[in-house]
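Novice: As input, take start-v1.pdb (PDB, C-alpha atoms):
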```pdb
ATOM      1  CA  MET B 184      42.197   4.134-147.187
ATOM      2  CA  ARG B 185      40.266   6.278-144.842
ATOM      3  CA  GLU B 186      37.134   4.459-145.671
ATOM      4  CA  SER B 187      38.612   1.090-144.750
ATOM      5  CA  THR B 188      40.000   2.472-141.490
ATOM      6  CA  PHE B 189      36.603   3.808-140.698
ATOM      7  CA  ARG B 190      35.099   0.437-141.430
ATOM      8  CA  ALA B 191      37.609  -1.365-139.234
ATOM      9  CA  ASP B 192      37.018   1.095-136.400
ATOM     10  CA  PHE B 193      33.329   0.749-136.822
ATOM     11  CA  ARG B 194      33.615  -3.014-136.699
ATOM     12  CA  SER B 195      35.776  -2.972-133.604
ATOM     13  CA  THR B 196      33.377  -0.526-131.965
ATOM     14  CA  LEU B 197      30.507  -2.798-132.885
ATOM     15  CA  ALA B 198      32.373  -5.830-131.557
ATOM     16  CA  GLY B 199      33.166  -3.932-128.342
ATOM     17  CA  ALA B 200      29.545  -3.036-127.900
ATOM     18  CA  ARG B 201      28.553  -6.642-128.495
ATOM     19  CA  THR B 202      31.103  -7.869-125.965
ATOM     20  CA  ARG B 203      29.853  -5.383-123.409
ATOM     21  CA  THR B 204      26.226  -6.374-123.967
ATOM     22  CA  LEU B 205      27.188 -10.023-123.752
ATOM     23  CA  ALA B 206      29.159  -9.411-120.552
ATOM     24  CA  ARG B 207      26.235  -7.509-119.088
ATOM     25  CA  ALA B 208      23.841 -10.310-120.012
ATOM     26  CA  LEU B 209      26.183 -12.913-118.525
ATOM     27  CA  ALA B 210      26.490 -10.878-115.335
ATOM     28  CA  LEU B 211      22.705 -10.687-115.105
ATOM     29  CA  VAL B 212      22.315 -14.427-115.652
ATOM     30  CA  LEU B 213      24.985 -15.069-113.006
ATOM     31  CA  ALA B 214      23.221 -12.713-110.607
ATOM     32  CA  ALA B 215      19.940 -14.527-111.268
ATOM     33  CA  PHE B 216      21.545 -17.900-110.511
ATOM     34  CA  LEU B 217      23.131 -16.521-107.346
ATOM     35  CA  ALA B 218      19.798 -15.062-106.252
ATOM     36  CA  ALA B 219      18.115 -18.410-106.940
ATOM     37  CA  PHE B 220      20.836 -20.188-104.972
ATOM     38  CA  PHE B 221      20.501 -17.920-101.948
ATOM     39  CA  HIS B 222      16.725 -18.137-102.174
ATOM     40  CA  ALA B 223      16.954 -21.922-102.038
ATOM     41  CA  ALA B 224      19.542 -21.764 -99.255
ATOM     42  CA  ALA B 225      17.165 -19.588 -97.259
ATOM     43  CA  ALA B 226      14.423 -22.264 -97.380
ATOM     44  CA  GLY B 227      13.679 -23.465 -93.876
ATOM     45  CA  GLU B 228      13.987 -19.954 -92.567
ATOM     46  CA  TRP B 229      11.444 -17.217 -92.212
ATOM     47  CA  GLN B 230      11.713 -13.654 -93.458
ATOM     48  CA  PRO B 231      11.945 -11.000 -90.740
ATOM     49  CA  LEU B 232       8.766  -8.889 -90.812
ATOM     50  CA  ALA B 233      10.647  -5.779 -91.897
ATOM     51  CA  ARG B 234      11.787  -7.576 -95.065
ATOM     52  CA  ASP B 235       8.693  -9.635 -95.874
ATOM     53  CA  GLY B 236       7.346  -7.258 -98.491
ATOM     54  CA  VAL B 237       3.998  -6.606 -96.795
ATOM     55  CA  HIS B 238       4.997  -4.920 -93.524
ATOM     56  CA  ASP B 239       6.135  -1.315 -93.671
ATOM     57  CA  PRO B 240       9.695  -1.336 -92.284
ATOM     58  CA  LYS B 241       9.181   2.322 -91.351
ATOM     59  CA  GLY B 242       6.019   1.629 -89.347
ATOM     60  CA  PRO B 243       6.101   2.340 -85.610
ATOM     61  CA  GLY B 244       4.828  -1.124 -84.636
ATOM     62  CA  ILE B 245       7.299  -3.260 -86.560
ATOM     63  CA  LYS B 246       9.743  -3.746 -83.663
ATOM     64  CA  LEU B 247       7.001  -4.870 -81.274
ATOM     65  CA  LEU B 248       5.490  -7.643 -83.389
ATOM     66  CA  GLN B 249       6.487 -11.284 -82.956
ATOM     67  CA  GLN B 250       8.826 -12.550 -85.671
ATOM     68  CA  PRO B 251       7.752 -15.720 -87.545
ATOM     69  CA  ALA B 252      11.100 -17.431 -86.907
ATOM     70  CA  ASP B 253      10.737 -16.984 -83.129
ATOM     71  CA  ALA B 254       7.347 -18.674 -83.075
ATOM     72  CA  LEU B 255       7.488 -21.157 -85.954
ATOM     73  CA  GLY B 256      11.069 -22.365 -85.514
ATOM     74  CA  LYS B 257      10.042 -24.434 -82.477
ATOM     75  CA  LEU B 258       7.173 -26.290 -84.177
ATOM     76  CA  ALA B 259       7.053 -29.557 -86.159
ATOM     77  CA  PRO B 260       8.908 -28.703 -89.375
ATOM     78  CA  ASP B 261       7.590 -28.883 -92.908
ATOM     79  CA  HIS B 262       9.016 -27.936 -96.294
ATOM     80  CA  ALA B 263       5.868 -26.223 -97.544
ATOM     81  CA  GLY B 264       3.520 -23.434 -96.526
ATOM     82  CA  ASN B 265       4.491 -21.923 -93.167
ATOM     83  CA  GLN B 266       7.141 -24.658 -92.904
ATOM     84  CA  VAL B 267       5.146 -26.029 -89.995
ATOM     85  CA  ARG B 268       3.178 -29.277 -89.783
ATOM     86  CA  TRP B 269       0.250 -27.654 -88.014
ATOM     87  CA  VAL B 270      -1.679 -30.870 -87.291
ATOM     88  CA  GLN B 271       1.436 -32.457 -85.803
ATOM     89  CA  ALA B 272       2.211 -29.342 -83.764
ATOM     90  CA  LEU B 273      -1.293 -29.585 -82.295
ATOM     91  CA  GLU B 274      -1.152 -33.345 -81.695
ATOM     92  CA  LYS B 275       2.269 -33.119 -80.042
ATOM     93  CA  GLY B 276       1.056 -30.367 -77.731
ATOM     94  CA  GLN B 277       3.564 -27.845 -79.111
ATOM     95  CA  ILE B 278       0.666 -25.437 -79.442
ATOM     96  CA  ALA B 279      -2.615 -25.269 -77.526
ATOM     97  CA  PRO B 280      -4.903 -23.010 -79.531
ATOM     98  CA  ARG B 281      -8.242 -22.152 -77.934
ATOM     99  CA  GLU B 282     -11.353 -23.796 -79.319
ATOM    100  CA  LYS B 283     -13.919 -21.180 -78.360
ATOM    101  CA  LEU B 284     -14.456 -17.765 -76.846
ATOM    102  CA  ASN B 285     -17.962 -18.283 -75.498
ATOM    103  CA  PRO B 286     -17.765 -21.004 -72.817
ATOM    104  CA  ALA B 287     -21.280 -22.160 -73.712
ATOM    105  CA  ARG B 288     -20.391 -22.882 -77.316
ATOM    106  CA  GLU B 289     -20.648 -26.517 -78.395
ATOM    107  CA  ILE B 290     -17.482 -28.044 -79.825
ATOM    108  CA  ARG B 291     -18.212 -30.590 -82.543
ATOM    109  CA  LYS B 292     -15.687 -33.222 -83.623
ATOM    110  CA  LEU B 293     -15.975 -36.268 -85.856
ATOM    111  CA  ASP B 294     -13.572 -39.180 -86.292
ATOM    112  CA  GLN B 295     -14.477 -40.540 -89.707
ATOM    113  CA  ASP B 296     -12.426 -40.957 -92.855
ATOM    114  CA  ILE B 297     -13.947 -40.459 -96.274
ATOM    115  CA  ILE B 298     -12.239 -42.195 -99.183
ATOM    116  CA  LEU B 299     -12.710 -40.469-102.515
ATOM    117  CA  ASP B 300     -12.028 -42.842-105.342
ATOM    118  CA  LEU B 301     -10.919 -41.434-108.659
ATOM    119  CA  LYS B 302     -11.243 -42.555-112.222
ATOM    120  CA  GLY B 303      -7.690 -41.605-113.158
ATOM    121  CA  GLY B 304      -4.393 -43.101-112.151
ATOM    122  CA  MET B 305      -3.828 -41.015-109.028
ATOM    123  CA  PRO B 306      -4.037 -42.716-105.648
ATOM    124  CA  ALA B 307      -7.429 -42.231-103.975
ATOM    125  CA  VAL B 308      -7.945 -39.392-101.519
ATOM    126  CA  ARG B 309      -8.385 -40.000 -97.818
ATOM    127  CA  PHE B 310     -10.217 -37.152 -96.155
ATOM    128  CA  PRO B 311      -9.854 -37.425 -92.373
ATOM    129  CA  HIS B 312     -12.660 -35.650 -90.488
ATOM    130  CA  ARG B 313     -10.727 -35.952 -87.235
ATOM    131  CA  GLN B 314      -7.855 -33.626 -88.146
ATOM    132  CA  HIS B 315     -10.194 -31.220 -89.893
ATOM    133  CA  THR B 316     -12.641 -30.965 -86.992
ATOM    134  CA  GLU B 317      -9.791 -30.309 -84.559
ATOM    135  CA  TRP B 318      -9.403 -26.989 -86.350
ATOM    136  CA  LEU B 319     -12.751 -26.348 -88.009
ATOM    137  CA  ASP B 320     -16.446 -26.473 -87.216
ATOM    138  CA  CYS B 321     -18.819 -28.574 -89.365
ATOM    139  CA  SER B 322     -20.428 -25.354 -90.608
ATOM    140  CA  ASN B 323     -17.197 -24.223 -92.261
ATOM    141  CA  CYS B 324     -17.674 -26.878 -94.966
ATOM    142  CA  HIS B 325     -21.277 -28.146 -94.627
ATOM    143  CA  ASP B 326     -23.510 -27.513 -96.424
ATOM    144  CA  GLY B 327     -21.860 -24.599 -98.223
ATOM    145  CA  LEU B 328     -18.725 -26.057 -99.782
ATOM    146  CA  PHE B 329     -19.742 -29.717 -99.551
ATOM    147  CA  ARG B 330     -23.051 -31.513 -99.110
ATOM    148  CA  MET B 331     -23.226 -33.653 -95.981
ATOM    149  CA  GLN B 332     -23.472 -36.853 -97.984
ATOM    150  CA  THR B 333     -20.673 -39.103 -99.228
ATOM    151  CA  GLY B 334     -20.421 -38.629-102.968
ATOM    152  CA  GLY B 335     -22.976 -35.809-102.837
ATOM    153  CA  THR B 336     -20.593 -33.183-104.187
ATOM    154  CA  LYS B 337     -18.650 -33.519-107.408
ATOM    155  CA  ILE B 338     -15.114 -32.600-106.439
ATOM    156  CA  SER B 339     -12.561 -31.646-109.071
ATOM    157  CA  MET B 340      -8.932 -30.512-109.088
ATOM    158  CA  PHE B 341      -9.948 -27.891-111.639
ATOM    159  CA  GLN B 342     -12.139 -26.210-109.029
ATOM    160  CA  ILE B 343      -9.676 -26.805-106.202
ATOM    161  CA  LEU B 344      -6.877 -25.104-108.131
ATOM    162  CA  GLN B 345      -9.127 -22.105-108.595
ATOM    163  CA  GLY B 346      -9.619 -21.762-104.857
ATOM    164  CA  GLU B 347     -12.964 -23.544-104.608
ATOM    165  CA  GLN B 348     -13.845 -26.622-102.503
ATOM    166  CA  CYS B 349     -10.679 -27.929-100.733
ATOM    167  CA  GLY B 350      -8.826 -25.027-102.370
ATOM    168  CA  VAL B 351     -10.601 -22.492-100.148
ATOM    169  CA  CYS B 352      -8.015 -23.463 -97.506
ATOM    170  CA  HIS B 353      -5.435 -25.685 -99.262
ATOM    171  CA  GLY B 354      -3.299 -23.372-101.356
ATOM    172  CA  ALA B 355      -4.251 -20.354 -99.275
ATOM    173  CA  VAL B 356      -3.928 -21.069 -95.539
ATOM    174  CA  ALA B 357      -3.573 -24.841 -95.107
ATOM    175  CA  PHE B 358      -0.803 -26.941 -96.691
ATOM    176  CA  PRO B 359      -0.461 -26.001-100.359
ATOM    177  CA  LEU B 360      -1.549 -27.862-103.486
ATOM    178  CA  THR B 361       2.034 -28.806-104.281
ATOM    179  CA  GLU B 362       1.712 -31.599-101.684
ATOM    180  CA  CYS B 363      -0.339 -33.977-103.862
ATOM    181  CA  MET B 364       0.368 -37.155-101.914
ATOM    182  CA  ARG B 365      -0.794 -35.837 -98.562
ATOM    183  CA  CYS B 366      -4.352 -36.098 -99.854
ATOM    184  CA  HIS B 367      -3.872 -38.704-102.603
ATOM    185  CA  SER B 368      -2.597 -41.179-100.070
ATOM    186  CA  ILE B 369      -4.510 -44.422-100.726
ATOM    187  CA  PRO B 370      -2.739 -46.492-103.378
ATOM    188  CA  LYS B 371      -4.841 -48.611-105.688
ATOM    189  CA  GLU B 372      -4.295 -51.067-108.461
ATOM    190  CA  ALA B 373      -5.436 -50.062-111.911
ATOM    191  CA  GLY B 374      -9.138 -50.725-112.432
ATOM    192  CA  LYS B 375      -9.692 -51.828-108.832
ATOM    193  CA  ALA B 376     -11.245 -50.071-105.851
ATOM    194  CA  PRO B 377      -8.702 -48.509-103.506
ATOM    195  CA  GLN B 378      -7.625 -50.477-100.470
ATOM    196  CA  LEU B 379      -9.182 -49.085 -97.333
ATOM    197  CA  PRO B 380      -6.859 -48.403 -94.400
ATOM    198  CA  PRO B 381      -6.976 -51.022 -91.641
ATOM    199  CA  GLY B 382      -9.946 -50.528 -89.337
ATOM    200  CA  ALA B 383     -11.933 -48.421 -91.780
ATOM    201  CA  ASP B 384     -15.599 -49.309 -92.053
ATOM    202  CA  PRO B 385     -16.349 -49.926 -95.740
ATOM    203  CA  ALA B 386     -19.986 -48.925 -95.173
ATOM    204  CA  THR B 387     -18.995 -45.333 -94.418
ATOM    205  CA  HIS B 388     -17.563 -44.863 -97.856
ATOM    206  CA  GLN B 389     -20.525 -45.923 -99.905
ATOM    207  CA  PRO B 390     -21.703 -43.100-102.119
ATOM    208  CA  GLY B 391     -25.109 -41.805-101.110
ATOM    209  CA  ARG B 392     -24.717 -42.532 -97.426
ATOM    210  CA  PRO B 393     -25.619 -39.476 -95.352
ATOM    211  CA  GLY B 394     -22.823 -38.184 -93.135
ATOM    212  CA  SER B 395     -23.175 -38.398 -89.371
TER     213      SER B 395
ATOM    214  CA  MET D 277      20.364 -11.037-126.833
ATOM    215  CA  GLY D 278      17.207  -9.183-125.855
ATOM    216  CA  GLY D 279      15.654 -12.530-125.011
ATOM    217  CA  VAL D 280      18.536 -13.506-122.747
ATOM    218  CA  LEU D 281      18.358 -10.154-120.977
ATOM    219  CA  ALA D 282      14.609 -10.450-120.521
ATOM    220  CA  LEU D 283      15.006 -13.990-119.185
ATOM    221  CA  ALA D 284      17.711 -12.915-116.746
ATOM    222  CA  PHE D 285      15.572 -10.009-115.621
ATOM    223  CA  LEU D 286      12.558 -12.278-115.131
ATOM    224  CA  CYS D 287      14.667 -14.705-113.087
ATOM    225  CA  LEU D 288      15.866 -11.832-110.931
ATOM    226  CA  ALA D 289      12.396 -10.394-110.538
ATOM    227  CA  GLY D 290      11.102 -13.821-109.527
ATOM    228  CA  TYR D 291      13.613 -14.079-106.740
ATOM    229  CA  THR D 292      13.368 -10.664-105.193
ATOM    230  CA  PRO D 293      11.741 -10.849-101.765
ATOM    231  CA  LEU D 294       8.591  -9.190-103.111
ATOM    232  CA  ALA D 295       6.547 -12.316-102.488
ATOM    233  CA  ALA D 296       8.215 -13.254 -99.222
ATOM    234  CA  ALA D 297       5.251 -12.573 -96.965
ATOM    235  CA  GLU D 298       4.606 -15.449 -94.611
ATOM    236  CA  TYR D 299       2.258 -18.085 -96.044
ATOM    237  CA  ALA D 300      -1.398 -17.043 -95.567
ATOM    238  CA  ASP D 301      -0.744 -13.440 -94.511
ATOM    239  CA  VAL D 302      -3.797 -11.334 -95.313
ATOM    240  CA  VAL D 303      -3.652  -7.666 -96.273
ATOM    241  CA  ILE D 304      -6.832  -5.858 -95.212
ATOM    242  CA  ASN D 305      -7.202  -2.543 -96.969
ATOM    243  CA  ARG D 306     -10.880  -2.000 -97.692
ATOM    244  CA  GLN D 307     -11.071   0.957 -95.322
ATOM    245  CA  SER D 308      -7.579   1.633 -93.966
ATOM    246  CA  GLU D 309      -5.819   3.779 -96.514
ATOM    247  CA  ARG D 310      -8.835   5.756 -97.569
ATOM    248  CA  ASN D 311      -9.040   6.734 -93.904
ATOM    249  CA  GLY D 312      -5.370   7.672 -93.696
ATOM    250  CA  MET D 313      -4.036   4.525 -92.027
ATOM    251  CA  ARG D 314      -1.573   1.872 -93.187
ATOM    252  CA  PRO D 315      -3.236  -1.359 -94.365
ATOM    253  CA  VAL D 316      -3.712  -4.092 -91.766
ATOM    254  CA  ILE D 317      -1.561  -7.229 -91.941
ATOM    255  CA  PHE D 318      -3.369 -10.240 -90.501
ATOM    256  CA  PRO D 319      -0.897 -13.104 -89.972
ATOM    257  CA  HIS D 320      -2.699 -16.463 -89.930
ATOM    258  CA  TRP D 321       0.383 -18.187 -88.446
ATOM    259  CA  PHE D 322       0.411 -15.924 -85.384
ATOM    260  CA  HIS D 323      -3.279 -16.395 -84.651
ATOM    261  CA  ARG D 324      -3.286 -20.143 -85.389
ATOM    262  CA  ILE D 325      -0.833 -20.788 -82.573
ATOM    263  CA  ARG D 326      -3.375 -19.231 -80.192
ATOM    264  CA  PHE D 327      -6.773 -20.023 -81.723
ATOM    265  CA  ARG D 328      -8.253 -22.723 -83.935
ATOM    266  CA  CYS D 329      -9.762 -21.704 -87.264
ATOM    267  CA  LYS D 330     -13.282 -22.315 -85.930
ATOM    268  CA  VAL D 331     -13.055 -19.521 -83.361
ATOM    269  CA  CYS D 332     -12.886 -16.786 -85.987
ATOM    270  CA  HIS D 333     -14.457 -18.546 -88.950
ATOM    271  CA  ALA D 334     -17.419 -20.153 -87.154
ATOM    272  CA  GLU D 335     -17.909 -18.409 -83.808
ATOM    273  CA  LEU D 336     -17.040 -14.859 -84.876
ATOM    274  CA  GLY D 337     -18.407 -15.139 -88.393
ATOM    275  CA  PHE D 338     -15.357 -14.194 -90.473
ATOM    276  CA  LYS D 339     -15.938 -15.411 -94.031
ATOM    277  CA  MET D 340     -13.138 -17.566 -95.440
ATOM    278  CA  LYS D 341     -12.475 -15.118 -98.250
ATOM    279  CA  ALA D 342      -9.905 -12.336 -98.236
ATOM    280  CA  GLY D 343     -11.793  -9.090 -98.716
ATOM    281  CA  GLY D 344     -15.103 -10.746 -97.900
ATOM    282  CA  ASN D 345     -15.534  -9.199 -94.459
ATOM    283  CA  PRO D 346     -16.650  -5.561 -94.163
ATOM    284  CA  ILE D 347     -14.669  -4.890 -90.985
ATOM    285  CA  THR D 348     -14.839  -1.349 -89.595
ATOM    286  CA  MET D 349     -13.228   0.174 -86.506
ATOM    287  CA  THR D 350     -16.742   0.763 -85.140
ATOM    288  CA  ASP D 351     -17.331  -3.013 -85.287
ATOM    289  CA  ILE D 352     -14.043  -3.696 -83.552
ATOM    290  CA  ILE D 353     -14.595  -1.132 -80.771
ATOM    291  CA  ASP D 354     -18.072  -2.602 -80.240
ATOM    292  CA  GLY D 355     -16.579  -6.079 -79.791
ATOM    293  CA  ARG D 356     -17.338  -7.580 -83.186
ATOM    294  CA  TYR D 357     -14.808  -9.204 -85.579
ATOM    295  CA  CYS D 358     -11.245  -8.548 -84.275
ATOM    296  CA  GLY D 359     -12.782  -6.719 -81.304
ATOM    297  CA  ALA D 360     -13.965 -10.024 -79.791
ATOM    298  CA  CYS D 361     -10.354 -10.517 -78.629
ATOM    299  CA  HIS D 362      -8.644  -7.191 -79.291
ATOM    300  CA  ASN D 363     -10.281  -5.567 -76.286
ATOM    301  CA  ASN D 364      -7.334  -5.195 -73.900
ATOM    302  CA  ASP D 365      -8.461  -8.398 -72.236
ATOM    303  CA  ILE D 366      -7.534 -11.337 -74.490
ATOM    304  CA  ALA D 367      -5.310  -9.301 -76.829
ATOM    305  CA  TRP D 368      -4.163  -5.719 -77.237
ATOM    306  CA  ALA D 369      -6.802  -3.001 -77.391
ATOM    307  CA  PRO D 370      -7.898  -1.152 -80.550
ATOM    308  CA  GLU D 371      -5.977   1.897 -79.337
ATOM    309  CA  ARG D 372      -2.748   0.146 -80.378
ATOM    310  CA  CYS D 373      -3.298   1.214 -83.981
ATOM    311  CA  GLU D 374       0.258   0.623 -85.174
ATOM    312  CA  LEU D 375       0.389  -3.059 -84.224
ATOM    313  CA  CYS D 376      -2.294  -4.031 -86.746
ATOM    314  CA  HIS D 377      -2.037  -1.133 -89.209
ATOM    315  CA  SER D 378       1.527  -2.119 -90.036
ATOM    316  CA  GLY D 379       1.360  -2.765 -93.784
ATOM    317  CA  LYS D 380       3.128  -1.099 -96.663
ATOM    318  CA  PRO D 381       1.019   1.691 -98.124
ATOM    319  CA  GLY D 382      -0.561   0.818-101.444
ATOM    320  CA  LEU D 383      -1.020  -2.927-100.945
ATOM    321  CA  PRO D 384      -4.374  -4.191-102.196
ATOM    322  CA  THR D 385      -6.571  -6.425-100.025
ATOM    323  CA  GLY D 386      -5.826 -10.091-100.536
ATOM    324  CA  ILE D 387      -4.043 -13.193 -99.357
ATOM    325  CA  TYR D 388      -0.257 -13.119 -99.643
ATOM    326  CA  GLY D 389       2.515 -15.562 -98.957
ATOM    327  CA  GLY D 390       5.266 -17.529-100.581
ATOM    328  CA  HIS D 391       5.260 -18.930-104.067
ATOM    329  CA  GLU D 392       2.757 -21.575-102.998
ATOM    330  CA  THR D 393       0.073 -19.095-102.034
ATOM    331  CA  SER D 394      -1.660 -17.172-104.646
ATOM    332  CA  GLY D 395      -4.977 -17.767-103.067
ATOM    333  CA  PRO D 396      -7.170 -18.947-105.874
ATOM    334  CA  GLY D 397      -5.392 -20.238-108.944
ATOM    335  CA  ARG D 398      -1.690 -20.801-109.289
ATOM    336  CA  TRP D 399      -1.857 -20.900-113.063
TER     337      TRP D 399
END
```
What would the structure in this file look like if it were written as structure tokens?

Specialist:
Amino acid sequence: MRESTFRADFRSTLAGARTRTLARALALVLAAFLAAFFHAAAAGEWQPLARDGVHDPKGPGIKLLQQPADALGKLAPDHAGNQVRWVQALEKGQIAPREKLNPAREIRKLDQDIILDLKGGMPAVRFPHRQHTEWLDCSNCHDGLFRMQTGGTKISMFQILQGEQCGVCHGAVAFPLTECMRCHSIPKEAGKAPQLPPGADPATHQPGRPGS
Amino acid sequence: MGGVLALAFLCLAGYTPLAAAEYADVVINRQSERNGMRPVIFPHWFHRIRFRCKVCHAELGFKMKAGGNPITMTDIIDGRYCGACHNNDIAWAPERCELCHSGKPGLPTGIYGGHETSGPGRW
């Protein structure tokens, strides 16, 4: 008699414990979903510096620094990276970043697209020198990251994803590698060369041609 | 059950604002903490509004690699690296320690940002 009572009690205790664990697990899962929901809802906004995880909220300078939302909220919007289309912001005159400190320094710009054809099924890549040289100097890429010759450097997504080649900036400071189609923007039919954009000089995309 | 709990915990951990630094923020802590200062937070977004990449990365000689530049306060006071602008002329002077040395203690040097930035290698 006593034994069976004990067993029943034990079972009910066990069941209670299971229910509690289950309830706790469910609460955690619910909390995770809620957190995910609020995280998604917060997209399009910028964390205040005091809550960004890298600034010390107790630091004496935190109240004096410009908040990302104050500066970035006025610029051409994006869904990735800083949530700013930096090239557009520059082209629209929303920002006017300086090009040099030393007035004697030569500013070098180049308006030339390079089309990188691929063996696989992805659209070909259009690399526009114009947008890149608005921000960067030739020496930032040539001849360290890339040889100054069309087709002279074997470029691979494997290296890019590891932070080499284009990945030195894209995925770190320029728009991230989640935005495949911003680079892979030239559609092509299977087995055929990609169609060049109107006005592009086919001669500039021949492998082996030295860059200007 | 343990699996569910672990999964829920992982989900939660993934959504805490630990990785909410602004895209391309750089923590510079080669020298700071060992000299008793908070690490430096360098926000790319703030500087990009005011300067093009080439100013720092071509004209001033900053390597495009977090942790790749041996910046010291002596350099800065002498007008090199950050000191080319942070000279009380173009931007605030090096005496305003707290404006740059504003990071959480203990952060290692590196590039930070949202889920899309892990610097090299997302996988």

Novice: Tell me which protein, DNA and RNA residues are within 12 Å of His315 (chain B), counting only C-alpha atoms, leaving out same-chain ones fewer than 4 positions away, and put them as a list in words.

Specialist: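 So, after excluding close chain neighbours, the residues are Trp269, Val270, Leu273, Arg291, Lys292, Leu293, Asp294, Gln295, Asp296, Ile297, Arg309, Phe310, Pro311, Leu319, Asp320, Cys321, Ser322, Asn323, Cys324, Cys349, Cys352, His353 and Ala357 of chain B; Arg328, Cys329 and Lys330 of chain D.
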
Novice: Mind telling me what the ChimeraX specification (/D :<7) & /B catches here, as a PyMOL selection string?

Specialist: chain B and resi 208+211-212+215+218-219+222+230+235-239+242-245+248+264-265+278-284+318-320+322-323+344-346+354-356+359

Novice: How many Å lie between CA of Met364 (chain B) and CA of Pro306 (chain B), rounded to one decimal?

Specialist: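 According to the coordinates, CA of Met364 (chain B) and CA of Pro306 (chain B) are separated by 8.0 Å.
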
Novice: Rounded to one decimal place, report the CA of Ser308 (chain D)-CA of Gly343 (chain D) distance in Å.

Specialist: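 A separation of 12.5 Å between them.
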
Novice: With distances taken over only C-alpha atoms, which residue among D:Gly344, D:Gly312, D:Phe338, D:Trp368 lies nearest Arg356 (chain D)?

Specialist: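 Smallest distance to Arg356 (chain D) is found for D:Phe338.
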
Novice: What does the PyMOL selection byres ((chain D and resi 359) around 12) select in this file, as a ChimeraX atom specification?

Specialist: /D:332,336,347-358,360-371

Novice: Between CA of Ala263 (chain B) and CA of Ser368 (chain B), what is the spacing in Å?

Specialist: 17.4 Å

Novice: Pick from B:Leu255, B:Ala272, B:Ala210, B:Leu299: nearest to Ile369 (chain B), with all atoms listed in the file counted?

Specialist: B:Leu299

Novice: Select region 292-339 of chain B in the preceding structure and write C-alpha atoms to a file as an mmCIF file, in the first residue's frame.

Specialist:
```cif
data_model
loop_
_atom_site.group_PDB
_atom_site.id
_atom_site.type_symbol
_atom_site.label_atom_id
_atom_site.label_comp_id
_atom_site.auth_asym_id
_atom_site.auth_seq_id
_atom_site.Cartn_x
_atom_site.Cartn_y
_atom_site.Cartn_z
ATOM 1 C CA LYS B 292 39.999 58.747 -61.115
ATOM 2 C CA LEU B 293 39.123 56.291 -63.863
ATOM 3 C CA ASP B 294 35.806 55.724 -65.629
ATOM 4 C CA GLN B 295 36.127 52.192 -66.952
ATOM 5 C CA ASP B 296 34.057 49.091 -66.325
ATOM 6 C CA ILE B 297 35.642 45.669 -66.157
ATOM 7 C CA ILE B 298 33.400 42.700 -66.898
ATOM 8 C CA LEU B 299 34.469 39.488 -65.211
ATOM 9 C CA ASP B 300 32.941 36.520 -66.927
ATOM 10 C CA LEU B 301 32.426 33.352 -64.949
ATOM 11 C CA LYS B 302 32.296 29.709 -65.822
ATOM 12 C CA GLY B 303 29.351 28.961 -63.550
ATOM 13 C CA GLY B 304 25.737 29.965 -63.788
ATOM 14 C CA MET B 305 26.001 33.248 -61.897
ATOM 15 C CA PRO B 306 25.573 36.487 -63.818
ATOM 16 C CA ALA B 307 28.906 38.079 -64.762
ATOM 17 C CA VAL B 308 30.452 40.716 -62.523
ATOM 18 C CA ARG B 309 30.647 44.346 -63.544
ATOM 19 C CA PHE B 310 33.415 46.150 -61.722
ATOM 20 C CA PRO B 311 32.990 49.912 -62.141
ATOM 21 C CA HIS B 312 36.261 51.827 -61.691
ATOM 22 C CA ARG B 313 34.367 55.112 -61.511
ATOM 23 C CA GLN B 314 32.566 54.467 -58.220
ATOM 24 C CA HIS B 315 35.628 52.823 -56.725
ATOM 25 C CA THR B 316 38.003 55.653 -57.628
ATOM 26 C CA GLU B 317 35.612 58.219 -56.156
ATOM 27 C CA TRP B 318 36.483 56.688 -52.799
ATOM 28 C CA LEU B 319 39.823 54.971 -53.318
ATOM 29 C CA ASP B 320 43.208 55.631 -54.869
ATOM 30 C CA CYS B 321 44.618 53.257 -57.523
ATOM 31 C CA SER B 322 47.308 52.199 -55.043
ATOM 32 C CA ASN B 323 44.726 50.740 -52.665
ATOM 33 C CA CYS B 324 44.169 47.836 -55.083
ATOM 34 C CA HIS B 325 47.041 47.963 -57.621
ATOM 35 C CA ASP B 326 49.342 46.144 -57.723
ATOM 36 C CA GLY B 327 48.892 44.617 -54.271
ATOM 37 C CA LEU B 328 45.434 43.060 -54.331
ATOM 38 C CA PHE B 329 45.013 42.991 -58.113
ATOM 39 C CA ARG B 330 47.415 43.191 -61.038
ATOM 40 C CA MET B 331 46.790 46.149 -63.331
ATOM 41 C CA GLN B 332 45.819 43.912 -66.223
ATOM 42 C CA THR B 333 42.378 42.602 -67.167
ATOM 43 C CA GLY B 334 42.308 38.916 -66.337
ATOM 44 C CA GLY B 335 45.731 39.167 -64.688
ATOM 45 C CA THR B 336 44.495 38.090 -61.267
ATOM 46 C CA LYS B 337 42.554 34.919 -60.599
ATOM 47 C CA ILE B 338 39.620 36.067 -58.513
ATOM 48 C CA SER B 339 37.598 33.598 -56.472
#
```
